[in-house]
Structure formats: C-alpha cells, structure tokens
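K.L.:
Before we start, here is the structure in question, set down as structure tokens.
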Amino acid sequence: MKSTTLLGALSLVASTLAATIPAPPSLPLKREPHQLRLLHTAPISPSPPPGAARVFSVAVEAAAEESVKGGAVIKNPGVSVVQATFRVPLAQQPMTGPTAGNPVGLYAASFHVGIDSFSGTCANFFRAGVDIFWDGTLGGEQSPFAWYQFGGVTETVGFSNFTVRAGEVVRITVQDSLGSGNSTEATATIENFGQQLLNGTSGTSTAICVKGLTPKQASTQKISKPSGEGSSLCKGEAGFVVEDFPLAGMPQFPVALANFTTVAFKDVGITVGSQTGGGEKKNAKGAELKDIRLAPQGGRLTACALVGGGKGVKCDRVVGE
C-alpha cells in the first residue's frame with residue numbers, strides 16, 4: 001500500500017472516531033468486561049435538565065419536551081406494592097437513526113418497576129430493575145445487571161447471589177410497609193424463572209406465564225431506615241419504566257439507547273393500602289403512557305401501550321414517529 005493511501009486511511013479512521021466519541025476527556029476505546037454500570041439518577045420533574053440527551057456523537061441540549069423515560073405511570077394515593085413480570089430484552093446495536101453504526105459504541109437500556117419512581121414529585125423513591133448493554137469494544141451484548149435502589153438512602157445496589165441473562169423471565173416486586181415502632185421497611189424481590197419458552201416460542205417472545213411455577217433463582221433485599229420528615233415515600237404512584245441512564249463513573253458520557261427486543265411488563269400488580277388485608281388490588285388500566293423522546297437520537301425512541309385491558313404494558317423500540 002502506498003504511504004499516501006495509508007495516511008489517507010488513518011486520517012479517515014481518526015476523523016470517524018472523533019465524530020462519534022467526544023473529547024476531551026476521551027472514553028477508553030477498550031473497556032473492561034463485567035464493569036458496565038449505569039448511573040441511576042433520581043427521577044426529575046417535570047423534565048430532564050438541558051444537555052441531558054443520552055448520545056455519544058451529538059452534543060445538543062435536550063428540548064423541554066424531551067424525556068429519558070418511557071412506559072406507564074399510575075397515579076393513586078397509598079401505593080404500597082408494585083409488581084411485574086417480563087422477559088429481559090436482548091441488547092442490540094441500533095441499525096437506524098443518528099446513533100447507528102458505531103463499531104466501538106456503548107449502548108444500554110434500563111427496565112424497572114417502582115413506587116414514586118417516575119414523575120420525580122416525591123423526595124424519595126423505591127425501584128428495582130434490570131439493565132442491558134451492548135459494547136462494541138467487548139464483542140457486542142454484555143451480561144445484564146439486576147439492581148434495586150431506595151432514593152435518598154442508598155446508592156444502586158446489585159441483588160446479591162443473583163444472575164440473569166437476556167431472554168430469561170424475571171418477576172420484580174417492590175414493597176413499602178410500616179415496621180414496628182417508627183421504622184420503615186422496604187423490600188425488593190427479584191425472581192428468575194429461566195427462559196420459559198411457551199409452545200415453541202423464541203427467547204425474545206413476550207408470551208410468558210409463571211403462575212404456579214417455582215423460580216430457579218430468587219433474591220430478596222430489605223432496607224430499614226428511621227422515619228423523619230422528608231425520609232418516607234409519598235406512595236403516590238406506580239411506574240413500569242424503560243429508561244436511558246448515563247454511565248456510572250462517567251456522567252459526562254451519556255449513553256445512547258440500545259436497540260432492544262420488545263419488552264412487555266406482564267401480570268402488572270399494584271396494591272393500594274394495606275398489604276395484609278383490605279388493600280385494593282389494581283393493574284395498569286387508566287395509566288398515563290410515556291415514550292422516550294430524544295432529538296439527538298432520532299426523536300421518539302419507544303412506542304409504549306397498554307395490553308390486555310391494563311394487565312400489561314408493552315414498549316417497542318422505534319426511531320422517529
């Protein structure tokens with residue numbers, strides 16, 4: 001190869017990388033495996049601050065109407081338990097839109113359920129979920145991360161002695177209840193039922209049924225805290241959410257939303273009031289639906305809808321209207 005041709009090729013590669021990865025500081029092109037974590041920022045009301053667009057390649061301020069959240073929120077005083085079952089989606093590199101085609105790109109998406117975890121109108125929140133990743137420097141899809149978080153009290157914590165893979169079915173329950181004396185106890189539980197392929201369906205199918213089944217793996221985490229002004233949950237809403245978070249340890253590098261196979265929160269359950277008797281059981285019927293909208297990534301990035309008369313919430317990955 002002629003030296004002029006080689007120099008031209010190197011120049012093209014350098015200019016391409018410069019266009020997709022901001023500098024300075026620069027994101028390492030080689031990232032270590034098993035260290036990918038998202039920064040689970042607190043819910044923000046009513047919209048993310050300027051500059052919150054989650055994308056490597058375009059430095060554009062987010063418009064006021066933009067949102068890093070999609071899914072469904074049910075506003076109802078007295079929410080004490082929120083539960084849903086879903087198949088962990090497969091993370092993929094986006095094929096269309098402004099964030100597509102970056103061979104060294106890092107893409108992610110988060111799926112979670114919670115109490116007071118959507119609108120950001122309460123000082124505290126409780127949520128649990130699963131994050132998925134696609135990293136071009138590590139060969140593509142990476143291991144999902146299952147976590148829980150009580151806002152204002154703990155950082156995001158991984159469920160102990162628990163692993164999950166894309167395509168497996170998990171059930172997540174978050175519960176807030178008054179304990180003895182003046183303490184409040186919050187409990188997060190995640191259960192893994194494996195792939196649960198029904199009638200020959202694939203590992204990306206939204207068809208799931210775990211009724212009467214014993215999970216192959218489960219983890220329950222409890223959080224106790226003293227009561228006090230501003231330290232409790234408002235218990236005003238339940239959320240079933242798809243979210244685009246920044247990267248932990250590198251908040252200056254917003255992460256582009258991964259392409260993902262359809263996620264369907266099934267067997268949606270909400271308890272309002274007492275958990276031991278007399279509490280009202282509800283589903284997502286009447287929920288307010290939201291979509292992730294980030295102009296630098298192509299505009300509308302999810303298409304969320306209620307299914308089964310409110311028994312479920314489904315979100316497809318899209319680009320644009």
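Residues are referred to by chain and number: the chain letter is A, B, ... according to the order shown in the structure tokens, the number counts from 1 in that chain, and ligands are numbered separately from 1 in the order shown.
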For His40 of chain A, please output as a PyMOL selection string all residues within 8 Å (counting only C-alpha atoms; exclusion window: fewer than 3 positions along the same chain).

P.N.:
chain A and resi 156+245-246+248

K.L.:
Write a file of the selected residues as a short mmCIF file (atom, residue, chain, number, x, y, z; two decimals), in the first residue's frame, keeping all heavy atoms.

P.N.:
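To be explicit, this is the file written out as part25.cif:
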```cif
data_model
loop_
_atom_site.label_atom_id
_atom_site.label_comp_id
_atom_site.auth_asym_id
_atom_site.auth_seq_id
_atom_site.Cartn_x
_atom_site.Cartn_y
_atom_site.Cartn_z
N THR A 156 -27.50 2.70 44.07
CA THR A 156 -27.96 1.49 43.39
C THR A 156 -27.15 0.30 43.88
O THR A 156 -25.93 0.36 43.95
CB THR A 156 -27.80 1.63 41.88
OG1 THR A 156 -28.55 2.77 41.45
CG2 THR A 156 -28.32 0.40 41.16
N PHE A 245 -30.31 5.83 31.00
CA PHE A 245 -29.46 6.43 32.03
C PHE A 245 -28.06 6.71 31.49
O PHE A 245 -27.61 6.07 30.54
CB PHE A 245 -29.31 5.48 33.23
CG PHE A 245 -30.53 5.37 34.11
CD1 PHE A 245 -31.28 4.21 34.14
CD2 PHE A 245 -30.91 6.43 34.92
CE1 PHE A 245 -32.37 4.08 34.98
CE2 PHE A 245 -32.01 6.33 35.76
CZ PHE A 245 -32.75 5.15 35.78
N PRO A 246 -27.32 7.63 32.12
CA PRO A 246 -25.91 7.80 31.78
C PRO A 246 -25.05 6.69 32.37
O PRO A 246 -25.54 5.85 33.12
CB PRO A 246 -25.56 9.16 32.40
CG PRO A 246 -26.51 9.30 33.54
CD PRO A 246 -27.78 8.62 33.11
N ALA A 248 -22.34 5.04 34.82
CA ALA A 248 -21.79 5.26 36.15
C ALA A 248 -20.30 5.54 36.06
O ALA A 248 -19.57 4.87 35.33
CB ALA A 248 -22.04 4.03 37.03
#
```

K.L.:
Could you build a table of the residues in segment 105-204 of chain A lying no more than 12 Å from segment 259-281 of chain A, giving for each the nearest pair of atoms and their separation in Å rounded to one decimal place, using only C-alpha atoms, ordered by chain and ascending residue number, as JSON lines?

P.N.:
```
{"residue": "A:Leu106", "atom": "CA", "partner": "A:Asn259", "partner_atom": "CA", "distance": 11.3}
{"residue": "A:Tyr107", "atom": "CA", "partner": "A:Asn259", "partner_atom": "CA", "distance": 7.9}
{"residue": "A:Ala108", "atom": "CA", "partner": "A:Asn259", "partner_atom": "CA", "distance": 8.2}
{"residue": "A:Ala109", "atom": "CA", "partner": "A:Phe260", "partner_atom": "CA", "distance": 7.9}
{"residue": "A:Ser110", "atom": "CA", "partner": "A:Phe260", "partner_atom": "CA", "distance": 10.4}
{"residue": "A:Phe111", "atom": "CA", "partner": "A:Val263", "partner_atom": "CA", "distance": 8.4}
{"residue": "A:His112", "atom": "CA", "partner": "A:Phe265", "partner_atom": "CA", "distance": 9.5}
{"residue": "A:Val113", "atom": "CA", "partner": "A:Phe265", "partner_atom": "CA", "distance": 9.1}
{"residue": "A:Gly114", "atom": "CA", "partner": "A:Ile270", "partner_atom": "CA", "distance": 10.2}
{"residue": "A:Ile115", "atom": "CA", "partner": "A:Ile270", "partner_atom": "CA", "distance": 9.7}
{"residue": "A:Gly129", "atom": "CA", "partner": "A:Phe265", "partner_atom": "CA", "distance": 11.5}
{"residue": "A:Val130", "atom": "CA", "partner": "A:Val263", "partner_atom": "CA", "distance": 11.6}
{"residue": "A:Asp131", "atom": "CA", "partner": "A:Phe260", "partner_atom": "CA", "distance": 11.3}
{"residue": "A:Ile132", "atom": "CA", "partner": "A:Phe260", "partner_atom": "CA", "distance": 8.8}
{"residue": "A:Phe133", "atom": "CA", "partner": "A:Phe260", "partner_atom": "CA", "distance": 9.7}
{"residue": "A:Trp134", "atom": "CA", "partner": "A:Asn259", "partner_atom": "CA", "distance": 8.9}
{"residue": "A:Gly140", "atom": "CA", "partner": "A:Asn259", "partner_atom": "CA", "distance": 11.9}
{"residue": "A:Glu141", "atom": "CA", "partner": "A:Phe260", "partner_atom": "CA", "distance": 10.7}
{"residue": "A:Ala166", "atom": "CA", "partner": "A:Thr261", "partner_atom": "CA", "distance": 9.9}
{"residue": "A:Gly167", "atom": "CA", "partner": "A:Thr261", "partner_atom": "CA", "distance": 9.5}
{"residue": "A:Glu168", "atom": "CA", "partner": "A:Val263", "partner_atom": "CA", "distance": 11.8}
{"residue": "A:Val169", "atom": "CA", "partner": "A:Lys266", "partner_atom": "CA", "distance": 10.4}
{"residue": "A:Val170", "atom": "CA", "partner": "A:Phe265", "partner_atom": "CA", "distance": 9.9}
{"residue": "A:Arg171", "atom": "CA", "partner": "A:Lys266", "partner_atom": "CA", "distance": 9.1}
{"residue": "A:Ile172", "atom": "CA", "partner": "A:Phe265", "partner_atom": "CA", "distance": 10.0}
{"residue": "A:Thr173", "atom": "CA", "partner": "A:Gly269", "partner_atom": "CA", "distance": 9.0}
{"residue": "A:Val174", "atom": "CA", "partner": "A:Ile270", "partner_atom": "CA", "distance": 9.9}
{"residue": "A:Gln175", "atom": "CA", "partner": "A:Gln275", "partner_atom": "CA", "distance": 9.1}
{"residue": "A:Asp176", "atom": "CA", "partner": "A:Gln275", "partner_atom": "CA", "distance": 9.4}
{"residue": "A:Ser177", "atom": "CA", "partner": "A:Gln275", "partner_atom": "CA", "distance": 8.0}
{"residue": "A:Leu178", "atom": "CA", "partner": "A:Ser274", "partner_atom": "CA", "distance": 10.0}
{"residue": "A:Ser202", "atom": "CA", "partner": "A:Thr261", "partner_atom": "CA", "distance": 11.4}
{"residue": "A:Gly203", "atom": "CA", "partner": "A:Thr261", "partner_atom": "CA", "distance": 9.9}
{"residue": "A:Thr204", "atom": "CA", "partner": "A:Thr261", "partner_atom": "CA", "distance": 6.4}
```

K.L.:
Can you tell me, as number ranges by chain, which residues in segment 132-270 of chain A count as strand (DSSP E) by DSSP?

P.N.:
A: 132-135, 140-150, 157-158, 169-178, 183-192, 217-226, 237-243, 256-257, 259-260, 263-270

K.L.:
Would you compute the distance between atom CA of Ile74 of chain A and atom CA of Glu237 of chain A? Give it in Å to one decimal.

P.N.:
5.4 Å

K.L.:
From the options A:Gly239, A:Gly212, A:Gly151, A:Gly286, which residue's atoms come nearest to Ala186 of chain A, counting only C-alpha atoms?

P.N.:
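Residue with the minimum atom-to-atom distance to Ala186 of chain A: A:Gly151.
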
K.L.:
Show which residues sit within 9 Å of segment 241-244 of chain A, as JSON, numbers by chain. Count only C-alpha atoms, and ignore same-chain residues fewer than 3 positions away.

P.N.:
{"A": [54, 67, 68, 69, 70, 71, 72, 73, 108, 109, 110, 111, 112, 113, 114, 117, 118, 254, 255, 256, 257, 258, 263, 290, 291, 292, 302, 315]}

K.L.:
Those residues with N, CA, C and O atoms, as an mmCIF file, in the first residue's frame please?

P.N.:
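Wrote it out as selection_33.cif, contents follow:
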```cif
data_model
loop_
_atom_site.group_PDB
_atom_site.id
_atom_site.type_symbol
_atom_site.label_atom_id
_atom_site.label_comp_id
_atom_site.auth_asym_id
_atom_site.auth_seq_id
_atom_site.Cartn_x
_atom_site.Cartn_y
_atom_site.Cartn_z
ATOM 1 N N ARG A 54 -28.982 11.566 25.797
ATOM 2 C CA ARG A 54 -28.092 10.438 26.025
ATOM 3 C C ARG A 54 -27.495 9.963 24.701
ATOM 4 O O ARG A 54 -28.029 9.074 24.060
ATOM 5 N N SER A 67 -37.740 13.440 26.954
ATOM 6 C CA SER A 67 -37.822 12.596 28.139
ATOM 7 C C SER A 67 -36.910 11.403 27.986
ATOM 8 O O SER A 67 -36.799 10.828 26.898
ATOM 9 N N VAL A 68 -36.244 11.018 29.078
ATOM 10 C CA VAL A 68 -35.407 9.819 29.079
ATOM 11 C C VAL A 68 -36.193 8.602 29.548
ATOM 12 O O VAL A 68 -35.649 7.506 29.632
ATOM 13 N N LYS A 69 -37.498 8.776 29.834
ATOM 14 C CA LYS A 69 -38.335 7.687 30.336
ATOM 15 C C LYS A 69 -39.456 7.351 29.364
ATOM 16 O O LYS A 69 -40.048 8.231 28.743
ATOM 17 N N GLY A 70 -39.755 6.054 29.285
ATOM 18 C CA GLY A 70 -40.945 5.587 28.606
ATOM 19 C C GLY A 70 -41.636 4.561 29.478
ATOM 20 O O GLY A 70 -41.056 4.058 30.440
ATOM 21 N N GLY A 71 -42.878 4.240 29.149
ATOM 22 C CA GLY A 71 -43.598 3.251 29.939
ATOM 23 C C GLY A 71 -44.932 3.772 30.421
ATOM 24 O O GLY A 71 -45.600 4.535 29.722
ATOM 25 N N ALA A 72 -45.314 3.370 31.633
ATOM 26 C CA ALA A 72 -46.614 3.741 32.180
ATOM 27 C C ALA A 72 -46.481 4.147 33.637
ATOM 28 O O ALA A 72 -45.723 3.537 34.392
ATOM 29 N N VAL A 73 -47.248 5.174 34.016
ATOM 30 C CA VAL A 73 -47.296 5.605 35.407
ATOM 31 C C VAL A 73 -48.756 5.652 35.847
ATOM 32 O O VAL A 73 -49.613 6.177 35.140
ATOM 33 N N ALA A 108 -27.062 1.073 25.924
ATOM 34 C CA ALA A 108 -27.660 0.473 27.117
ATOM 35 C C ALA A 108 -29.140 0.819 27.194
ATOM 36 O O ALA A 108 -29.629 1.726 26.513
ATOM 37 N N ALA A 109 -29.855 0.107 28.046
ATOM 38 C CA ALA A 109 -31.254 0.401 28.354
ATOM 39 C C ALA A 109 -31.569 -0.186 29.716
ATOM 40 O O ALA A 109 -30.974 -1.180 30.131
ATOM 41 N N SER A 110 -32.493 0.456 30.429
ATOM 42 C CA SER A 110 -32.863 0.017 31.772
ATOM 43 C C SER A 110 -34.368 -0.219 31.831
ATOM 44 O O SER A 110 -35.158 0.569 31.288
ATOM 45 N N PHE A 111 -34.758 -1.303 32.506
ATOM 46 C CA PHE A 111 -36.166 -1.667 32.651
ATOM 47 C C PHE A 111 -36.447 -1.856 34.141
ATOM 48 O O PHE A 111 -35.799 -2.684 34.793
ATOM 49 N N HIS A 112 -37.385 -1.081 34.695
ATOM 50 C CA HIS A 112 -37.595 -1.158 36.135
ATOM 51 C C HIS A 112 -39.041 -0.863 36.527
ATOM 52 O O HIS A 112 -39.807 -0.265 35.763
ATOM 53 N N VAL A 113 -39.395 -1.310 37.730
ATOM 54 C CA VAL A 113 -40.695 -1.018 38.321
ATOM 55 C C VAL A 113 -40.446 -0.316 39.649
ATOM 56 O O VAL A 113 -39.395 -0.499 40.270
ATOM 57 N N GLY A 114 -41.404 0.507 40.081
ATOM 58 C CA GLY A 114 -41.134 1.219 41.319
ATOM 59 C C GLY A 114 -42.315 1.982 41.883
ATOM 60 O O GLY A 114 -43.376 2.110 41.266
ATOM 61 N N SER A 117 -41.374 6.475 41.401
ATOM 62 C CA SER A 117 -40.123 6.408 40.648
ATOM 63 C C SER A 117 -40.213 7.003 39.250
ATOM 64 O O SER A 117 -39.262 6.884 38.473
ATOM 65 N N PHE A 118 -41.321 7.624 38.917
ATOM 66 C CA PHE A 118 -41.478 8.103 37.545
ATOM 67 C C PHE A 118 -41.488 9.626 37.442
ATOM 68 O O PHE A 118 -40.678 10.199 36.721
ATOM 69 N N PRO A 254 -22.987 10.558 28.136
ATOM 70 C CA PRO A 254 -24.327 9.989 28.036
ATOM 71 C C PRO A 254 -24.313 8.768 27.119
ATOM 72 O O PRO A 254 -23.607 8.737 26.114
ATOM 73 N N VAL A 255 -25.080 7.759 27.466
ATOM 74 C CA VAL A 255 -25.093 6.504 26.726
ATOM 75 C C VAL A 255 -26.286 6.464 25.783
ATOM 76 O O VAL A 255 -27.423 6.703 26.201
ATOM 77 N N ALA A 256 -26.039 6.163 24.530
ATOM 78 C CA ALA A 256 -27.124 6.040 23.564
ATOM 79 C C ALA A 256 -27.993 4.837 23.909
ATOM 80 O O ALA A 256 -27.497 3.805 24.357
ATOM 81 N N LEU A 257 -29.291 4.972 23.690
ATOM 82 C CA LEU A 257 -30.233 3.894 23.996
ATOM 83 C C LEU A 257 -29.990 2.710 23.063
ATOM 84 O O LEU A 257 -29.913 2.853 21.840
ATOM 85 N N ALA A 258 -29.861 1.525 23.657
ATOM 86 C CA ALA A 258 -29.672 0.309 22.866
ATOM 87 C C ALA A 258 -30.931 -0.011 22.081
ATOM 88 O O ALA A 258 -32.049 0.326 22.487
ATOM 89 N N VAL A 263 -40.153 -5.249 25.074
ATOM 90 C CA VAL A 263 -40.329 -5.599 26.481
ATOM 91 C C VAL A 263 -41.805 -5.477 26.824
ATOM 92 O O VAL A 263 -42.478 -4.528 26.412
ATOM 93 N N LYS A 290 -46.048 7.090 28.479
ATOM 94 C CA LYS A 290 -44.968 7.987 28.072
ATOM 95 C C LYS A 290 -44.037 7.250 27.122
ATOM 96 O O LYS A 290 -43.948 6.024 27.144
ATOM 97 N N ASP A 291 -43.308 8.019 26.311
ATOM 98 C CA ASP A 291 -42.272 7.459 25.444
ATOM 99 C C ASP A 291 -40.976 8.220 25.638
ATOM 100 O O ASP A 291 -40.983 9.411 25.963
ATOM 101 N N ILE A 292 -39.849 7.513 25.463
ATOM 102 C CA ILE A 292 -38.550 8.183 25.453
ATOM 103 C C ILE A 292 -38.484 9.019 24.183
ATOM 104 O O ILE A 292 -38.720 8.522 23.077
ATOM 105 N N THR A 302 -39.311 5.020 21.811
ATOM 106 C CA THR A 302 -40.139 3.892 22.254
ATOM 107 C C THR A 302 -41.584 4.128 21.830
ATOM 108 O O THR A 302 -42.008 5.271 21.629
ATOM 109 N N CYS A 315 -43.573 -2.068 25.453
ATOM 110 C CA CYS A 315 -42.804 -0.997 24.831
ATOM 111 C C CYS A 315 -41.947 -1.561 23.702
ATOM 112 O O CYS A 315 -41.132 -2.466 23.931
#
```
